[in-house]
2 protein chains.
Amino acid sequence: MTELEQGPKGRRRGRGARERILGASQHLFREQGINRTGMDQLCAAAQVSKRTAYQHFTGKDELVAEYLRRFDPSVLSGVFDRTDLTPRERLLAAFDIPPTTPLCPYIAAAVELHDPQHPASQYARDYKKAVAARLADAAREAGAADPEQLGEQLALLIDGAAARTRVLNADAFPTAAAIAAVLIDNAIPATASDDRRREEVAS
Amino acid sequence: MTELEQGPKGRRRGRGARERILGASQHLFREQGINRTGMDQLCAAAQVSKRTAYQHFTGKDELVAEYLRRFDPSVLSGVFDRTDLTPRERLLAAFDIPPTTPLCPYIAAAVELHDPQHPASQYARDYKKAVAARLADAAREAGAADPEQLGEQLALLIDGAAARTRVLNADAFPTAAAIAAVLIDNAIPATASDDRRREEVAS
DNA sequence: CCGTAAGCACACAGGTCGGTGTACATAACA
DNA sequence: TGTTATGTACACCGACCTGTGTGCTTACGG
(Lines give C-alpha, C1' and ligand atoms only; values in the text may rest on other atoms or scores of the structure.)
Protein backbone atom coordinates (compact mmCIF):
# COMPACT_ATOMS: atom_id res chain seq x y z
CA MET A 1 0.00 0.00 0.00
CA THR A 2 2.32 2.74 1.20
CA GLU A 3 5.67 2.91 -0.44
CA LEU A 4 7.83 5.33 1.49
CA GLU A 5 7.10 8.36 -0.56
CA GLN A 6 9.39 11.24 0.29
CA GLY A 7 7.89 13.57 -2.25
CA PRO A 8 9.99 15.01 -5.08
CA LYS A 9 13.00 15.30 -2.83
CA GLY A 10 13.54 11.58 -2.53
CA ARG A 11 16.32 11.92 -0.07
CA ARG A 12 17.20 9.03 2.08
CA ARG A 13 20.21 8.18 3.96
CA GLY A 14 20.65 4.61 5.00
CA ARG A 15 19.86 2.91 1.71
CA GLY A 16 16.49 1.64 2.80
CA ALA A 17 16.46 1.02 6.46
CA ARG A 18 12.93 -0.29 6.05
CA GLU A 19 14.05 -2.95 3.61
CA ARG A 20 16.85 -4.09 5.87
CA ILE A 21 14.41 -4.41 8.74
CA LEU A 22 12.02 -6.51 6.68
CA GLY A 23 14.89 -8.60 5.37
CA ALA A 24 16.08 -9.35 8.86
CA SER A 25 12.50 -10.15 9.84
CA GLN A 26 12.17 -12.76 7.14
CA HIS A 27 15.33 -14.41 8.31
CA LEU A 28 14.86 -14.25 12.06
CA PHE A 29 11.12 -14.78 12.32
CA ARG A 30 11.37 -17.95 10.29
CA GLU A 31 14.49 -19.22 11.97
CA GLN A 32 13.57 -18.65 15.61
CA GLY A 33 9.92 -17.75 15.54
CA ILE A 34 8.19 -14.44 16.03
CA ASN A 35 7.80 -14.39 19.78
CA ARG A 36 11.35 -15.48 20.42
CA THR A 37 12.82 -12.72 18.30
CA GLY A 38 13.15 -9.47 20.18
CA MET A 39 13.30 -6.07 18.60
CA ASP A 40 16.80 -5.55 19.93
CA GLN A 41 18.12 -8.59 18.15
CA LEU A 42 16.18 -7.78 15.02
CA CYS A 43 17.47 -4.22 14.84
CA ALA A 44 21.01 -5.40 15.43
CA ALA A 45 20.71 -7.90 12.58
CA ALA A 46 19.27 -5.22 10.32
CA GLN A 47 22.03 -2.79 11.33
CA VAL A 48 19.40 -0.27 12.23
CA SER A 49 18.95 1.57 15.48
CA LYS A 50 15.88 0.70 17.45
CA ARG A 51 14.76 4.30 17.28
CA THR A 52 14.74 4.19 13.51
CA ALA A 53 12.81 0.94 13.46
CA TYR A 54 10.05 2.47 15.54
CA GLN A 55 9.88 5.40 13.16
CA HIS A 56 9.20 3.07 10.26
CA PHE A 57 6.77 0.78 12.08
CA THR A 58 4.41 1.80 14.80
CA GLY A 59 5.15 -1.40 16.68
CA LYS A 60 6.13 -5.00 16.39
CA ASP A 61 2.62 -5.99 15.39
CA GLU A 62 2.71 -3.83 12.31
CA LEU A 63 6.15 -5.17 11.46
CA VAL A 64 4.94 -8.75 11.74
CA ALA A 65 1.95 -8.02 9.55
CA GLU A 66 4.12 -6.42 6.90
CA TYR A 67 6.57 -9.30 7.11
CA LEU A 68 3.79 -11.76 6.34
CA ARG A 69 2.41 -9.63 3.55
CA ARG A 70 5.72 -9.81 1.71
CA PHE A 71 5.67 -13.52 1.13
CA ASP A 72 2.95 -13.79 -1.48
CA PRO A 73 4.77 -12.93 -4.71
CA SER A 74 7.73 -15.25 -4.42
CA VAL A 75 5.75 -18.35 -3.60
CA LEU A 76 2.46 -17.83 -5.33
CA SER A 77 3.56 -16.66 -8.75
CA GLY A 78 6.68 -18.77 -8.62
CA VAL A 79 4.64 -21.92 -8.60
CA PHE A 80 1.54 -21.06 -10.59
CA ASP A 81 2.96 -19.05 -13.46
CA ARG A 82 4.81 -21.98 -14.95
CA THR A 83 3.38 -22.01 -18.44
CA ASP A 84 5.80 -24.74 -19.43
CA LEU A 85 3.86 -27.28 -17.41
CA THR A 86 0.60 -28.98 -18.13
CA PRO A 87 -2.21 -28.09 -15.73
CA ARG A 88 -1.82 -31.42 -14.01
CA GLU A 89 1.91 -30.91 -13.57
CA ARG A 90 1.26 -27.42 -12.31
CA LEU A 91 -1.05 -28.78 -9.62
CA LEU A 92 1.63 -31.19 -8.53
CA ALA A 93 4.40 -28.59 -8.68
CA ALA A 94 2.98 -26.99 -5.55
CA PHE A 95 4.28 -29.96 -3.59
CA ASP A 96 7.85 -29.56 -4.79
CA ILE A 97 8.76 -27.16 -2.06
CA PRO A 98 12.43 -26.82 -1.21
CA PRO A 99 13.24 -28.29 2.18
CA THR A 100 14.74 -24.98 3.31
CA THR A 101 11.38 -24.01 4.75
CA PRO A 102 11.02 -24.87 8.43
CA LEU A 103 7.30 -24.28 8.37
CA CYS A 104 4.81 -22.32 6.38
CA PRO A 105 5.18 -18.91 8.04
CA TYR A 106 1.46 -18.29 7.89
CA ILE A 107 0.66 -21.31 10.01
CA ALA A 108 3.46 -20.40 12.38
CA ALA A 109 2.20 -16.85 12.70
CA ALA A 110 -1.38 -17.94 13.29
CA VAL A 111 -0.23 -20.23 16.08
CA GLU A 112 2.29 -17.88 17.64
CA LEU A 113 0.16 -14.76 17.60
CA HIS A 114 -2.85 -16.74 18.77
CA ASP A 115 -5.27 -13.96 17.90
CA PRO A 116 -7.49 -14.27 14.83
CA GLN A 117 -8.03 -10.52 14.93
CA HIS A 118 -4.36 -9.72 14.57
CA PRO A 119 -3.66 -8.11 11.19
CA ALA A 120 -1.03 -10.72 10.50
CA SER A 121 -3.60 -13.46 11.07
CA GLN A 122 -5.81 -11.73 8.55
CA TYR A 123 -3.00 -11.79 6.00
CA ALA A 124 -2.49 -15.47 6.74
CA ARG A 125 -6.13 -16.20 5.99
CA ASP A 126 -6.05 -14.16 2.83
CA TYR A 127 -2.96 -15.97 1.65
CA LYS A 128 -4.35 -19.41 2.32
CA LYS A 129 -7.54 -18.54 0.50
CA ALA A 130 -5.52 -17.16 -2.40
CA VAL A 131 -3.53 -20.38 -2.68
CA ALA A 132 -6.70 -22.44 -2.70
CA ALA A 133 -8.14 -20.15 -5.37
CA ARG A 134 -5.06 -20.49 -7.57
CA LEU A 135 -5.19 -24.22 -7.17
CA ALA A 136 -8.84 -24.17 -8.08
CA ASP A 137 -8.02 -22.16 -11.20
CA ALA A 138 -5.43 -24.68 -12.24
CA ALA A 139 -7.85 -27.48 -11.45
CA ARG A 140 -10.47 -25.87 -13.63
CA GLU A 141 -7.97 -25.49 -16.41
CA ALA A 142 -7.10 -29.15 -16.02
CA GLY A 143 -10.74 -30.04 -16.50
CA ALA A 144 -11.61 -31.10 -12.98
CA ALA A 145 -15.24 -31.85 -12.30
CA ASP A 146 -15.35 -29.70 -9.16
CA PRO A 147 -12.39 -27.32 -9.29
CA GLU A 148 -13.16 -25.49 -6.05
CA GLN A 149 -13.33 -28.72 -4.14
CA LEU A 150 -10.11 -30.02 -5.64
CA GLY A 151 -8.36 -26.73 -4.93
CA GLU A 152 -9.44 -26.81 -1.31
CA GLN A 153 -8.36 -30.43 -1.02
CA LEU A 154 -4.92 -29.77 -2.45
CA ALA A 155 -4.51 -26.74 -0.21
CA LEU A 156 -5.31 -28.91 2.77
CA LEU A 157 -2.67 -31.38 1.66
CA ILE A 158 -0.05 -28.64 1.50
CA ASP A 159 -0.90 -27.44 4.98
CA GLY A 160 -0.88 -30.98 6.28
CA ALA A 161 2.52 -31.62 4.81
CA ALA A 162 3.85 -28.39 6.29
CA ALA A 163 2.48 -29.10 9.76
CA ARG A 164 3.55 -32.72 9.75
CA THR A 165 7.01 -31.86 8.51
CA ARG A 166 7.39 -29.51 11.42
CA VAL A 167 6.16 -31.87 14.09
CA LEU A 168 7.90 -35.01 12.88
CA ASN A 169 11.05 -33.25 11.69
CA ALA A 170 10.80 -35.25 8.49
CA ASP A 171 9.72 -34.25 5.02
CA ALA A 172 6.05 -35.08 4.52
CA PHE A 173 5.60 -33.47 1.11
CA PRO A 174 6.17 -36.67 -0.87
CA THR A 175 3.27 -38.27 0.96
CA ALA A 176 1.12 -35.25 0.21
CA ALA A 177 2.14 -35.35 -3.44
CA ALA A 178 1.12 -38.99 -3.66
CA ILE A 179 -2.30 -38.17 -2.27
CA ALA A 180 -2.57 -35.24 -4.65
CA ALA A 181 -1.91 -37.49 -7.61
CA VAL A 182 -4.72 -39.78 -6.55
CA LEU A 183 -7.12 -36.90 -6.05
CA ILE A 184 -6.27 -35.31 -9.35
CA ASP A 185 -6.71 -38.52 -11.26
CA ASN A 186 -10.01 -39.13 -9.52
CA ALA A 187 -11.33 -35.63 -10.07
CA ILE A 188 -10.52 -35.23 -13.73
CA PRO A 189 -13.06 -37.03 -15.90
CA ALA A 190 -12.00 -39.73 -18.26
CA THR A 191 -11.84 -37.43 -21.22
CA ALA A 192 -8.85 -35.59 -19.86
CA SER A 193 -7.50 -38.25 -17.55
CA ASP A 194 -5.05 -39.72 -20.00
CA ASP A 195 -3.07 -36.55 -20.50
CA ARG A 196 0.10 -38.54 -20.91
CA ARG A 197 -1.01 -39.33 -24.41
CA ARG A 198 -1.87 -35.78 -25.26
CA GLU A 199 1.10 -33.93 -23.84
CA GLU A 200 1.91 -32.36 -27.18
CA VAL A 201 -1.67 -31.36 -27.81
CA ALA A 202 -1.95 -29.47 -24.56
CA SER A 203 1.01 -27.21 -25.20
CA MET B 1 -15.40 -27.85 41.95
CA THR B 2 -16.63 -26.30 45.20
CA GLU B 3 -16.39 -29.41 47.27
CA LEU B 4 -13.97 -28.11 49.83
CA GLU B 5 -14.77 -25.05 51.84
CA GLN B 6 -12.59 -23.67 54.54
CA GLY B 7 -12.91 -21.15 57.26
CA PRO B 8 -12.39 -17.43 57.12
CA LYS B 9 -8.97 -17.82 55.59
CA GLY B 10 -10.27 -19.67 52.59
CA ARG B 11 -7.38 -22.03 52.57
CA ARG B 12 -7.57 -24.88 50.18
CA ARG B 13 -5.46 -27.78 51.14
CA GLY B 14 -6.21 -30.32 48.97
CA ARG B 15 -5.49 -33.58 47.66
CA GLY B 16 -4.04 -33.76 44.27
CA ALA B 17 -2.47 -30.41 43.73
CA ARG B 18 -0.65 -31.99 40.84
CA GLU B 19 -3.89 -32.96 39.17
CA ARG B 20 -5.30 -29.49 39.56
CA ILE B 21 -2.17 -28.02 38.00
CA LEU B 22 -2.37 -30.35 35.04
CA GLY B 23 -6.08 -29.69 34.68
CA ALA B 24 -5.52 -25.96 34.57
CA SER B 25 -2.71 -26.54 32.08
CA GLN B 26 -5.01 -28.39 29.71
CA HIS B 27 -7.48 -25.57 29.85
CA LEU B 28 -5.16 -22.60 29.67
CA PHE B 29 -2.49 -23.92 27.34
CA ARG B 30 -5.10 -24.80 24.76
CA GLU B 31 -7.11 -21.65 25.21
CA GLN B 32 -4.34 -19.09 25.21
CA GLY B 33 -1.30 -20.99 24.11
CA ILE B 34 1.71 -22.13 26.08
CA ASN B 35 3.90 -19.07 25.83
CA ARG B 36 1.12 -16.65 26.66
CA THR B 37 0.20 -18.50 29.85
CA GLY B 38 2.36 -17.53 32.77
CA MET B 39 2.96 -19.62 35.81
CA ASP B 40 1.27 -17.03 37.99
CA GLN B 41 -1.97 -17.23 36.07
CA LEU B 42 -1.78 -20.98 35.87
CA CYS B 43 -1.26 -21.42 39.60
CA ALA B 44 -4.10 -19.05 40.34
CA ALA B 45 -6.41 -21.04 38.09
CA ALA B 46 -5.32 -24.27 39.72
CA GLN B 47 -5.77 -22.74 43.19
CA VAL B 48 -2.27 -23.78 44.02
CA SER B 49 0.52 -21.66 45.33
CA LYS B 50 3.41 -21.13 42.98
CA ARG B 51 5.72 -22.66 45.51
CA THR B 52 3.78 -25.88 45.46
CA ALA B 53 3.76 -25.99 41.71
CA TYR B 54 7.53 -25.81 41.65
CA GLN B 55 7.72 -28.63 44.13
CA HIS B 56 5.76 -30.87 41.79
CA PHE B 57 7.48 -29.83 38.58
CA THR B 58 11.06 -28.76 38.22
CA GLY B 59 10.05 -26.04 35.82
CA LYS B 60 7.59 -24.98 33.21
CA ASP B 61 9.25 -27.15 30.60
CA GLU B 62 8.57 -30.28 32.56
CA LEU B 63 5.01 -29.18 33.16
CA VAL B 64 4.47 -28.61 29.46
CA ALA B 65 5.91 -32.00 28.65
CA GLU B 66 3.67 -33.70 31.16
CA TYR B 67 0.69 -31.75 29.90
CA LEU B 68 1.28 -33.08 26.41
CA ARG B 69 1.88 -36.60 27.60
CA ARG B 70 -1.58 -36.71 29.16
CA PHE B 71 -3.48 -36.40 25.93
CA ASP B 72 -2.85 -39.81 24.45
CA PRO B 73 -5.40 -42.01 26.17
CA SER B 74 -8.50 -39.92 25.73
CA VAL B 75 -8.06 -39.28 22.06
CA LEU B 76 -6.26 -42.35 20.86
CA SER B 77 -8.26 -45.11 22.48
CA GLY B 78 -11.46 -43.15 22.25
CA VAL B 79 -11.34 -43.26 18.50
CA PHE B 80 -9.66 -46.54 17.75
CA ASP B 81 -11.24 -48.88 20.25
CA ARG B 82 -14.66 -48.66 18.71
CA THR B 83 -15.39 -52.31 18.06
CA ASP B 84 -18.89 -51.46 16.94
CA LEU B 85 -17.60 -49.98 13.74
CA THR B 86 -16.31 -51.65 10.65
CA PRO B 87 -12.62 -51.02 9.96
CA ARG B 88 -13.52 -48.59 7.25
CA GLU B 89 -15.83 -46.64 9.56
CA ARG B 90 -13.14 -46.66 12.21
CA LEU B 91 -10.70 -45.08 9.79
CA LEU B 92 -13.20 -42.36 9.02
CA ALA B 93 -14.15 -41.84 12.64
CA ALA B 94 -10.81 -40.15 13.23
CA PHE B 95 -12.13 -37.18 11.27
CA ASP B 96 -15.19 -36.72 13.45
CA ILE B 97 -13.43 -34.51 15.88
CA PRO B 98 -15.55 -32.27 18.03
CA PRO B 99 -15.13 -28.62 17.12
CA THR B 100 -14.15 -27.78 20.68
CA THR B 101 -10.55 -28.22 19.69
CA PRO B 102 -8.84 -25.00 18.70
CA LEU B 103 -5.83 -26.80 17.33
CA CYS B 104 -4.13 -30.09 17.81
CA PRO B 105 -2.04 -29.29 20.90
CA TYR B 106 0.90 -31.23 19.58
CA ILE B 107 1.22 -29.05 16.52
CA ALA B 108 0.73 -25.96 18.64
CA ALA B 109 3.41 -27.07 21.07
CA ALA B 110 5.88 -27.88 18.33
CA VAL B 111 5.39 -24.44 16.84
CA GLU B 112 5.36 -22.53 20.10
CA LEU B 113 8.31 -24.24 21.73
CA HIS B 114 10.25 -24.09 18.50
CA ASP B 115 12.83 -26.54 19.70
CA PRO B 116 12.81 -30.11 18.38
CA GLN B 117 14.93 -31.15 21.35
CA HIS B 118 12.38 -30.03 23.90
CA PRO B 119 10.90 -33.03 25.72
CA ALA B 120 7.42 -31.86 24.78
CA SER B 121 8.40 -31.87 21.12
CA GLN B 122 9.54 -35.44 21.59
CA TYR B 123 6.15 -36.37 23.00
CA ALA B 124 4.51 -34.65 20.06
CA ARG B 125 6.53 -36.74 17.63
CA ASP B 126 5.78 -39.93 19.53
CA TYR B 127 2.10 -39.16 19.54
CA LYS B 128 1.94 -38.38 15.86
CA LYS B 129 3.78 -41.58 15.07
CA ALA B 130 1.43 -43.51 17.35
CA VAL B 131 -1.61 -42.11 15.58
CA ALA B 132 -0.18 -43.08 12.21
CA ALA B 133 0.56 -46.54 13.56
CA ARG B 134 -2.98 -47.01 14.87
CA LEU B 135 -4.36 -45.85 11.57
CA ALA B 136 -2.08 -48.29 9.81
CA ASP B 137 -3.35 -51.08 12.06
CA ALA B 138 -6.93 -50.25 11.20
CA ALA B 139 -5.99 -50.00 7.55
CA ARG B 140 -4.39 -53.43 7.69
CA GLU B 141 -7.48 -54.80 9.35
CA ALA B 142 -9.57 -53.26 6.63
CA GLY B 143 -7.51 -55.06 4.05
CA ALA B 144 -5.57 -52.17 2.59
CA ALA B 145 -2.88 -53.03 0.11
CA ASP B 146 -0.25 -50.85 1.81
CA PRO B 147 -1.46 -50.18 5.36
CA GLU B 148 1.55 -48.14 6.44
CA GLN B 149 1.21 -45.82 3.51
CA LEU B 150 -2.52 -45.38 4.05
CA GLY B 151 -1.98 -44.74 7.75
CA GLU B 152 0.59 -42.07 7.03
CA GLN B 153 -1.66 -40.50 4.45
CA LEU B 154 -4.65 -40.35 6.78
CA ALA B 155 -2.48 -38.93 9.55
CA LEU B 156 -1.35 -36.20 7.19
CA LEU B 157 -4.97 -35.41 6.42
CA ILE B 158 -5.77 -35.02 10.08
CA ASP B 159 -2.86 -32.67 10.61
CA GLY B 160 -3.78 -30.71 7.53
CA ALA B 161 -7.34 -30.32 8.72
CA ALA B 162 -6.14 -29.17 12.13
CA ALA B 163 -3.70 -26.62 10.75
CA ARG B 164 -6.11 -25.31 8.15
CA THR B 165 -8.91 -25.05 10.67
CA ARG B 166 -6.69 -22.91 12.81
CA VAL B 167 -5.48 -20.59 10.09
CA LEU B 168 -8.78 -20.13 8.30
CA ASN B 169 -10.93 -20.18 11.42
CA ALA B 170 -13.25 -22.60 9.66
CA ASP B 171 -13.73 -26.31 10.05
CA ALA B 172 -11.64 -28.18 7.52
CA PHE B 173 -12.28 -31.71 8.77
CA PRO B 174 -15.13 -32.44 6.34
CA THR B 175 -12.78 -31.78 3.46
CA ALA B 176 -10.22 -34.08 5.01
CA ALA B 177 -12.85 -36.76 5.52
CA ALA B 178 -13.82 -36.56 1.87
CA ILE B 179 -10.22 -37.08 0.84
CA ALA B 180 -9.92 -39.94 3.30
CA ALA B 181 -12.90 -41.69 1.77
CA VAL B 182 -11.30 -41.49 -1.66
CA LEU B 183 -7.99 -42.80 -0.39
CA ILE B 184 -9.58 -45.64 1.50
CA ASP B 185 -11.66 -46.74 -1.44
CA ASN B 186 -8.62 -46.57 -3.65
CA ALA B 187 -6.40 -48.50 -1.27
CA ILE B 188 -8.72 -51.32 -0.36
CA PRO B 189 -9.12 -53.81 -3.15
CA ALA B 190 -12.62 -54.91 -4.02
CA THR B 191 -14.38 -53.81 -0.89
CA ALA B 192 -18.00 -53.87 -0.19
CA SER B 193 -19.06 -50.32 0.47
CA ASP B 194 -19.49 -50.39 4.18
CA ASP B 195 -22.16 -52.97 4.90
CA ARG B 196 -20.16 -56.17 5.11
CA ARG B 197 -16.54 -56.85 4.89
CA ARG B 198 -15.61 -59.78 2.78
CA GLU B 199 -12.21 -61.20 2.44
CA GLU B 200 -11.13 -62.10 -0.96
CA VAL B 201 -7.79 -62.42 -2.60
CA ALA B 202 -6.59 -59.52 -4.59
CA SER B 203 -6.32 -59.97 -8.35
C1' DC C 1 28.01 28.60 5.18
C1' DC C 2 24.04 27.09 8.04
C1' DG C 3 19.61 24.58 8.77
C1' DT C 4 17.14 20.54 8.68
C1' DA C 5 16.26 16.07 9.17
C1' DA C 6 17.42 11.17 9.09
C1' DG C 7 19.79 8.12 11.68
C1' DC C 8 22.69 6.43 15.65
C1' DA C 9 24.07 5.14 20.44
C1' DC C 10 22.58 4.57 24.83
C1' DA C 11 20.04 4.66 28.79
C1' DC C 12 15.82 3.87 30.77
C1' DA C 13 10.83 3.21 31.79
C1' DG C 14 7.22 -0.07 32.76
C1' DG C 15 5.87 -4.60 32.33
C1' DT C 16 5.94 -9.77 32.33
C1' DC C 17 8.38 -13.78 32.66
C1' DG C 18 10.26 -18.02 35.19
C1' DG C 19 11.78 -19.14 39.49
C1' DT C 20 13.04 -18.59 44.86
C1' DG C 21 13.24 -17.35 49.81
C1' DT C 22 10.88 -16.87 53.89
C1' DA C 23 7.64 -17.11 57.39
C1' DC C 24 3.39 -19.15 58.67
C1' DA C 25 -0.61 -22.60 58.76
C1' DT C 26 -2.58 -27.12 58.66
C1' DA C 27 -2.97 -32.23 58.72
C1' DA C 28 -1.45 -36.90 59.93
C1' DC C 29 1.08 -39.60 62.85
C1' DA C 30 4.32 -40.71 66.70
C1' DT D 1 2.10 -33.34 72.83
C1' DG D 2 5.46 -32.59 69.30
C1' DT D 3 7.41 -33.63 64.67
C1' DT D 4 7.28 -33.77 60.02
C1' DA D 5 5.37 -33.19 55.49
C1' DT D 6 2.80 -30.42 52.76
C1' DG D 7 0.85 -26.27 51.36
C1' DT D 8 0.00 -21.04 51.55
C1' DA D 9 0.87 -16.07 51.07
C1' DC D 10 3.75 -12.75 49.43
C1' DA D 11 7.74 -10.37 48.47
C1' DC D 12 11.51 -10.58 45.62
C1' DC D 13 15.23 -11.52 41.98
C1' DG D 14 17.28 -11.22 37.48
C1' DA D 15 16.38 -11.57 32.75
C1' DC D 16 14.03 -10.12 28.94
C1' DC D 17 10.34 -7.70 26.53
C1' DT D 18 8.26 -3.57 23.86
C1' DG D 19 8.68 1.00 23.48
C1' DT D 20 10.79 6.17 24.46
C1' DG D 21 13.65 10.11 25.59
C1' DT D 22 17.76 12.37 24.71
C1' DG D 23 21.63 13.99 22.89
C1' DC D 24 25.07 13.40 19.03
C1' DT D 25 26.60 12.55 14.17
C1' DT D 26 26.11 12.86 9.38
C1' DA D 27 24.39 14.06 4.83
C1' DC D 28 22.31 17.10 1.89
C1' DG D 29 19.89 21.47 0.18
C1' DG D 30 19.51 26.27 0.12
# chains A, B, ... in the order shown; residues from 1 in each chain; ligands from 1
call {"tool": "calpha_fit_rmsd", "arguments": {"fixed": "chain B", "moving": "chain A"}}
result
6.2 Å
call {"tool": "residues_around", "arguments": {"residues": "Leu22 of chain B", "least_positions_apart": "6", "cutoff": "8 Å", "atoms": "only C-alpha atoms (C1' of nucleotides)", "output": "number ranges by chain"}}
result
B: 63, 66-67
call {"tool": "interface_residues", "arguments": {"of": "chain D", "to": "chain A", "cutoff": "10 Å", "atoms": "only C-alpha atoms (C1' of nucleotides)", "output": "short mmCIF file (atom, residue, chain, number, x, y, z; two decimals) with N, CA, C and O atoms (P, O5', C5', C4', C3', O3' and C1' of nucleotides), in the first residue's frame"}}
result
data_model
loop_
_atom_site.label_atom_id
_atom_site.label_comp_id
_atom_site.auth_asym_id
_atom_site.auth_seq_id
_atom_site.Cartn_x
_atom_site.Cartn_y
_atom_site.Cartn_z
P DC D 16 18.74 -12.61 29.22
"O5'" DC D 16 17.42 -12.05 28.55
"C5'" DC D 16 16.27 -12.88 28.51
"C4'" DC D 16 15.05 -12.04 28.27
"C3'" DC D 16 15.16 -11.08 27.08
"O3'" DC D 16 14.32 -11.53 26.03
"C1'" DC D 16 14.03 -10.12 28.94
P DC D 17 14.33 -10.78 24.63
"O5'" DC D 17 12.97 -9.96 24.62
"C5'" DC D 17 11.74 -10.62 24.94
"C4'" DC D 17 10.66 -9.60 25.21
"C3'" DC D 17 10.68 -8.41 24.25
"O3'" DC D 17 9.88 -8.69 23.13
"C1'" DC D 17 10.34 -7.70 26.53
P DT D 18 10.05 -7.82 21.82
"O5'" DT D 18 9.16 -6.54 22.12
"C5'" DT D 18 7.77 -6.70 22.35
"C4'" DT D 18 7.18 -5.40 22.88
"C3'" DT D 18 7.20 -4.24 21.88
"O3'" DT D 18 5.94 -3.58 21.93
"C1'" DT D 18 8.26 -3.57 23.86
P DG D 19 5.60 -2.52 20.74
"O5'" DG D 19 6.20 -1.16 21.33
"C5'" DG D 19 5.64 -0.66 22.52
"C4'" DG D 19 6.49 0.46 23.09
"C3'" DG D 19 6.85 1.61 22.12
"O3'" DG D 19 6.25 2.80 22.63
"C1'" DG D 19 8.68 1.00 23.48
P DT D 20 6.22 4.15 21.79
"O5'" DT D 20 6.91 5.19 22.80
"C5'" DT D 20 8.06 4.79 23.52
"C4'" DT D 20 8.48 5.84 24.51
"C3'" DT D 20 8.76 7.22 23.91
"O3'" DT D 20 8.75 8.19 24.93
"C1'" DT D 20 10.79 6.17 24.46
P DT D 26 30.39 11.53 12.29
"O5'" DT D 26 29.48 11.67 10.98
"C5'" DT D 26 28.62 10.61 10.62
"C4'" DT D 26 27.53 11.10 9.70
"C3'" DT D 26 28.03 11.80 8.43
"O3'" DT D 26 27.75 10.97 7.33
"C1'" DT D 26 26.11 12.86 9.38
P DA D 27 28.55 11.20 5.95
"O5'" DA D 27 27.39 11.78 5.02
"C5'" DA D 27 26.23 11.00 4.81
"C4'" DA D 27 25.09 11.90 4.37
"C3'" DA D 27 25.38 12.72 3.12
"O3'" DA D 27 24.50 12.34 2.08
"C1'" DA D 27 24.39 14.06 4.83
P DC D 28 24.88 12.74 0.57
"O5'" DC D 28 23.86 13.96 0.34
"C5'" DC D 28 22.49 13.76 0.64
"C4'" DC D 28 21.82 15.09 0.90
"C3'" DC D 28 22.00 16.12 -0.23
"O3'" DC D 28 20.74 16.50 -0.71
"C1'" DC D 28 22.31 17.10 1.89
P DG D 29 20.63 17.13 -2.20
"O5'" DG D 29 19.72 18.42 -1.95
"C5'" DG D 29 18.80 18.40 -0.87
"C4'" DG D 29 18.37 19.79 -0.50
"C3'" DG D 29 18.50 20.81 -1.63
"O3'" DG D 29 17.42 21.73 -1.56
"C1'" DG D 29 19.89 21.47 0.18
#
call {"tool": "closest_residue", "arguments": {"among": "A:Glu62, A:Glu31, A:Glu89, A:Asp84", "to": "chain B", "atoms": "only C-alpha atoms"}}
result
A:Glu31
call {"tool": "interface_residues", "arguments": {"of": "chain B", "to": "chain A", "cutoff": "8 Å", "atoms": "only C-alpha atoms", "output": "ChimeraX atom specification"}}
result
/B:32-33,106-108,110-112,114,116,121,124-125,128,152-153,156-161,163-164,166-169,172,175-176,179,182-183
call {"tool": "select_by_dssp", "arguments": {"residues": "segment 48-122 of chain B", "states": "helix (DSSP H, G or I)", "output": "NGL selection string"}}
result
:B and (50-56 or 60-69 or 72-80 or 87-93 or 105-113 or 119-122)
call {"tool": "atom_distance", "arguments": {"atom1": "atom CA of Arg18 of chain B", "atom2": "atom CA of Pro102 of chain B"}}
result
24.6 Å
call {"tool": "closest_residue", "arguments": {"among": "C:DA30, C:DC17, C:DA6, C:DA23", "to": "chain B", "atoms": "only C-alpha atoms (C1' of nucleotides)"}}
result
C:DC17
